[in-house]
Amino acid sequence: MTTITLVQGDITRESADAIVNAANSSLLGGGGVDGAIHRRGGPEILAECRKLRAGHLGKGLATGRAVATTAGALDARWVIHTVGPVHSETEDRSELLASCYRESLRLADELGARTVAFPAISTGVYRWPMDDAARIAVETVRNTPTAVEEVRFVLFDTRAHAVFASRLG
Ligand code: ADP
């Protein structure tokens, strides 16, 4: 049985087995939550990302997929990097956003992570409307069989927290 919890704040301050990063396909850093994770987690995370790019992820990480690295100085064992889709008005990319949550949980299971903290993937620079993103996040986590005991959504601001809370209701 997976418990879903909600927190408002900075995900880089959380303690969890795995912290999920809303990365981009380059894995070489970006703004938003990605920038914050690399800043607080320190250079070890980027060093591992570079190794992945030099190895089997030569073309980068595809949208909807997930990969794990060390969590560096974060209070976690792993960072799970996943690439959310850019929101589109003309194409339904919901399945790719759902895939980010599913693939991250599958990887968490492989790693043996019991607590996993997620940001609201794709809701920043990738412009996914918060309410729809919250619906997809909550539905996907609820419908994904996993040994993860706690899935914690960490929402950066009060509005996002309220939107997720009403979806969980
Ligand atoms: P994406 O490119 O997937 O849209 P962003 O990092 O731009 O990723 O934004 C994803 C969400 O993460 C947004 O809702 C943003 O407000 C939020 N966010 C940004 N920084 C943090 C942080 N330090 N902790 C938690 N959430 C954050």
# chains A, B, ... in the order shown; residues from 1 in each chain; ligands from 1
>>> residues_near_ligand(ligand="ligand 1", cutoff="10 Å", atoms="only C-alpha atoms and all ligand atoms", output="compact mmCIF listing (two decimals) with N, CA and C atoms, in the first residue's frame")
# COMPACT_ATOMS: atom_id res chain seq x y z
N VAL A 7 3.71 18.06 0.46
CA VAL A 7 4.50 19.04 1.21
C VAL A 7 4.63 20.27 0.34
N GLN A 8 4.59 21.43 0.97
CA GLN A 8 4.91 22.64 0.22
C GLN A 8 6.33 23.05 0.57
N GLY A 9 7.15 23.30 -0.45
CA GLY A 9 8.51 23.75 -0.17
C GLY A 9 9.48 23.38 -1.27
N ASP A 10 10.75 23.43 -0.87
CA ASP A 10 11.86 23.21 -1.79
C ASP A 10 12.26 21.73 -1.72
N ILE A 11 12.18 21.02 -2.82
CA ILE A 11 12.43 19.57 -2.81
C ILE A 11 13.87 19.26 -2.41
N THR A 12 14.78 20.20 -2.62
CA THR A 12 16.18 19.93 -2.26
C THR A 12 16.40 19.93 -0.75
N ARG A 13 15.37 20.33 0.02
CA ARG A 13 15.43 20.30 1.48
C ARG A 13 14.80 19.02 2.05
N GLU A 14 14.27 18.20 1.19
CA GLU A 14 13.57 16.99 1.65
C GLU A 14 14.55 15.86 1.94
N VAL A 20 13.17 12.98 -7.08
CA VAL A 20 13.01 12.99 -8.53
C VAL A 20 13.30 14.39 -9.06
N ASN A 21 14.06 14.42 -10.14
CA ASN A 21 14.41 15.67 -10.81
C ASN A 21 13.64 15.79 -12.11
N ALA A 22 12.99 16.93 -12.31
CA ALA A 22 12.37 17.24 -13.61
C ALA A 22 13.48 17.76 -14.51
N ALA A 23 14.21 16.83 -15.11
CA ALA A 23 15.40 17.16 -15.89
C ALA A 23 15.03 17.50 -17.33
N ASN A 24 16.02 17.81 -18.12
CA ASN A 24 15.80 17.87 -19.57
C ASN A 24 16.65 16.77 -20.20
N GLY A 30 19.84 22.51 -15.90
CA GLY A 30 18.92 23.48 -16.47
C GLY A 30 18.47 24.41 -15.37
N GLY A 31 17.32 25.02 -15.56
CA GLY A 31 16.80 25.93 -14.54
C GLY A 31 15.83 25.21 -13.62
N GLY A 32 15.01 25.96 -12.93
CA GLY A 32 13.95 25.41 -12.10
C GLY A 32 14.47 24.40 -11.10
N VAL A 33 13.72 23.31 -10.95
CA VAL A 33 14.04 22.31 -9.95
C VAL A 33 15.37 21.61 -10.29
N ASP A 34 15.65 21.47 -11.56
CA ASP A 34 16.90 20.86 -12.04
C ASP A 34 18.10 21.67 -11.55
N GLY A 35 18.05 22.97 -11.76
CA GLY A 35 19.13 23.85 -11.30
C GLY A 35 19.30 23.76 -9.79
N ALA A 36 18.17 23.75 -9.08
CA ALA A 36 18.21 23.71 -7.61
C ALA A 36 18.85 22.41 -7.12
N ILE A 37 18.50 21.30 -7.75
CA ILE A 37 19.04 19.99 -7.34
C ILE A 37 20.55 19.94 -7.57
N ARG A 39 22.56 22.53 -7.78
CA ARG A 39 23.22 23.50 -6.89
C ARG A 39 23.41 22.91 -5.50
N ARG A 40 22.33 22.41 -4.92
CA ARG A 40 22.45 21.92 -3.55
C ARG A 40 23.10 20.53 -3.49
N THR A 82 14.08 12.44 -14.59
CA THR A 82 13.10 12.06 -15.61
C THR A 82 12.82 13.29 -16.46
N VAL A 83 12.46 13.05 -17.71
CA VAL A 83 12.26 14.16 -18.64
C VAL A 83 10.78 14.27 -18.96
N GLY A 84 10.17 15.33 -18.46
CA GLY A 84 8.76 15.56 -18.75
C GLY A 84 8.58 16.11 -20.16
N PRO A 85 7.36 15.96 -20.70
CA PRO A 85 7.07 16.54 -22.00
C PRO A 85 6.77 18.04 -21.88
N VAL A 86 7.11 18.78 -22.92
CA VAL A 86 6.66 20.17 -23.03
C VAL A 86 5.16 20.11 -23.33
N HIS A 87 4.37 20.92 -22.64
CA HIS A 87 2.93 20.90 -22.89
C HIS A 87 2.64 21.40 -24.29
N LEU A 97 3.71 12.25 -19.84
CA LEU A 97 3.82 12.76 -18.46
C LEU A 97 3.55 11.62 -17.47
N ALA A 117 10.33 11.38 -3.40
CA ALA A 117 9.78 12.74 -3.48
C ALA A 117 9.76 13.21 -4.93
N PHE A 118 8.59 13.66 -5.37
CA PHE A 118 8.43 14.15 -6.75
C PHE A 118 8.12 15.65 -6.76
N PRO A 119 8.69 16.40 -7.69
CA PRO A 119 8.19 17.75 -7.96
C PRO A 119 7.02 17.62 -8.94
N ALA A 120 6.38 18.75 -9.23
CA ALA A 120 5.30 18.74 -10.23
C ALA A 120 5.94 18.83 -11.62
N ILE A 121 6.22 17.65 -12.16
CA ILE A 121 6.97 17.55 -13.42
C ILE A 121 6.23 18.29 -14.55
N SER A 122 6.97 19.00 -15.35
CA SER A 122 6.50 19.72 -16.55
C SER A 122 5.69 20.98 -16.28
N THR A 123 5.50 21.36 -15.01
CA THR A 123 4.62 22.51 -14.73
C THR A 123 5.35 23.85 -14.68
N GLY A 124 6.65 23.84 -14.94
CA GLY A 124 7.41 25.09 -14.92
C GLY A 124 7.66 25.56 -16.34
N VAL A 125 8.91 25.50 -16.73
CA VAL A 125 9.32 25.92 -18.07
C VAL A 125 8.54 25.15 -19.15
N TYR A 126 8.13 23.92 -18.85
CA TYR A 126 7.42 23.09 -19.84
C TYR A 126 5.91 23.35 -19.88
N ARG A 127 5.44 24.29 -19.02
CA ARG A 127 4.12 24.95 -19.17
C ARG A 127 2.88 24.06 -19.02
N TRP A 128 3.02 22.89 -18.40
CA TRP A 128 1.82 22.05 -18.25
C TRP A 128 0.89 22.70 -17.22
N PRO A 129 -0.40 22.86 -17.51
CA PRO A 129 -1.32 23.47 -16.53
C PRO A 129 -1.34 22.64 -15.23
N MET A 130 -1.24 23.33 -14.10
CA MET A 130 -1.05 22.65 -12.82
C MET A 130 -2.16 21.65 -12.52
N ALA A 133 -1.75 18.57 -14.63
CA ALA A 133 -0.53 17.87 -14.21
C ALA A 133 -0.77 17.13 -12.89
N PHE A 153 4.62 14.33 -2.88
CA PHE A 153 4.66 15.40 -3.87
C PHE A 153 5.12 16.66 -3.15
N VAL A 154 6.17 17.27 -3.68
CA VAL A 154 6.72 18.48 -3.06
C VAL A 154 6.44 19.65 -3.99
N LEU A 155 5.53 20.50 -3.55
CA LEU A 155 5.06 21.60 -4.40
C LEU A 155 5.69 22.90 -3.94
N PHE A 156 6.16 23.63 -4.93
CA PHE A 156 6.99 24.79 -4.62
C PHE A 156 6.20 25.93 -4.01
N ASP A 157 4.95 26.11 -4.41
CA ASP A 157 4.21 27.26 -3.88
C ASP A 157 2.83 26.83 -3.37
N ARG A 159 -0.13 27.72 -4.23
CA ARG A 159 -1.16 27.44 -5.23
C ARG A 159 -1.03 26.00 -5.74
N ALA A 160 0.18 25.61 -6.08
CA ALA A 160 0.40 24.24 -6.56
C ALA A 160 0.02 23.24 -5.48
N HIS A 161 0.35 23.57 -4.24
CA HIS A 161 0.01 22.68 -3.12
C HIS A 161 -1.50 22.54 -3.02
>>> select_by_dssp(residues="chain A", states="strand (DSSP E)", output="ChimeraX atom specification")
/A:3-8,18-23,66-70,78-83,115-118,150-155
>>> select_by_dssp(residues="chain A", states="helix (DSSP H, G or I)", output="compact mmCIF listing (two decimals) with C-alpha atoms, in the first residue's frame")
# COMPACT_ATOMS: atom_id res chain seq x y z
CA ILE A 11 12.43 19.57 -2.81
CA THR A 12 16.18 19.93 -2.26
CA ARG A 13 15.43 20.30 1.48
CA GLY A 32 13.95 25.41 -12.10
CA VAL A 33 14.04 22.31 -9.95
CA ASP A 34 16.90 20.86 -12.04
CA GLY A 35 19.13 23.85 -11.30
CA ALA A 36 18.21 23.71 -7.61
CA ILE A 37 19.04 19.99 -7.34
CA HIS A 38 22.44 20.41 -8.98
CA ARG A 39 23.22 23.50 -6.89
CA ARG A 40 22.45 21.92 -3.55
CA GLY A 41 23.45 18.37 -4.52
CA PRO A 43 29.10 18.46 -8.63
CA GLU A 44 28.90 14.68 -8.07
CA ILE A 45 25.45 14.53 -9.64
CA LEU A 46 26.53 16.33 -12.80
CA ALA A 47 29.66 14.17 -12.99
CA GLU A 48 27.48 11.04 -13.04
CA CYS A 49 25.15 12.56 -15.59
CA ARG A 50 28.12 13.27 -17.83
CA LYS A 51 29.21 9.64 -17.51
CA LEU A 52 25.74 8.49 -18.54
CA ARG A 53 25.94 10.78 -21.58
CA ALA A 54 29.36 9.39 -22.43
CA SER A 94 -0.44 13.07 -21.24
CA GLU A 95 0.86 9.54 -21.69
CA LEU A 96 4.44 10.85 -21.69
CA LEU A 97 3.82 12.76 -18.46
CA ALA A 98 2.25 9.66 -16.88
CA SER A 99 5.27 7.69 -18.07
CA CYS A 100 7.60 9.96 -16.06
CA TYR A 101 5.83 8.94 -12.83
CA ARG A 102 5.58 5.26 -13.81
CA GLU A 103 9.18 4.94 -14.95
CA SER A 104 10.44 6.78 -11.86
CA LEU A 105 8.52 4.38 -9.61
CA ARG A 106 9.76 1.37 -11.57
CA LEU A 107 13.34 2.58 -11.11
CA ALA A 108 12.68 3.29 -7.42
CA ASP A 109 11.55 -0.33 -7.06
CA GLU A 110 14.68 -1.57 -8.80
CA LEU A 111 16.82 0.51 -6.44
CA MET A 130 -1.05 22.65 -12.82
CA ASP A 131 -4.52 21.15 -12.43
CA ASP A 132 -4.09 18.70 -15.30
CA ALA A 133 -0.53 17.87 -14.21
CA ALA A 134 -1.80 17.14 -10.69
CA ARG A 135 -4.57 14.89 -12.06
CA ILE A 136 -2.08 12.89 -14.14
CA ALA A 137 0.44 12.68 -11.28
CA VAL A 138 -2.09 11.48 -8.70
CA GLU A 139 -3.90 9.06 -11.04
CA THR A 140 -0.66 7.54 -12.28
CA VAL A 141 0.79 7.02 -8.82
CA ARG A 142 -2.48 5.51 -7.61
CA ASN A 143 -2.60 3.13 -10.58
CA THR A 158 0.89 27.45 -2.05
CA ARG A 159 -1.16 27.44 -5.23
CA ALA A 160 0.40 24.24 -6.56
CA HIS A 161 0.01 22.68 -3.12
CA ALA A 162 -3.69 23.60 -3.06
CA VAL A 163 -4.24 22.17 -6.55
CA PHE A 164 -2.60 18.86 -5.62
CA ALA A 165 -4.53 18.77 -2.33
CA SER A 166 -7.85 19.09 -4.10
CA ARG A 167 -6.88 16.35 -6.57
CA LEU A 168 -5.98 14.06 -3.69
>>> residues_around(residues="Gly112 of chain A", least_positions_apart="6", cutoff="10 Å", atoms="only C-alpha atoms", output="list in words")
Asp17, Ala18, Arg106, Ala147 and Val148 of chain A
>>> write_last_selection(atoms="C-alpha atoms", output="compact mmCIF listing (two decimals), in the first residue's frame")
# COMPACT_ATOMS: atom_id res chain seq x y z
CA ASP A 17 15.41 7.60 -0.40
CA ALA A 18 15.00 9.08 -3.87
CA ARG A 106 9.76 1.37 -11.57
CA ALA A 147 6.76 -1.38 -3.34
CA VAL A 148 7.39 2.33 -2.63
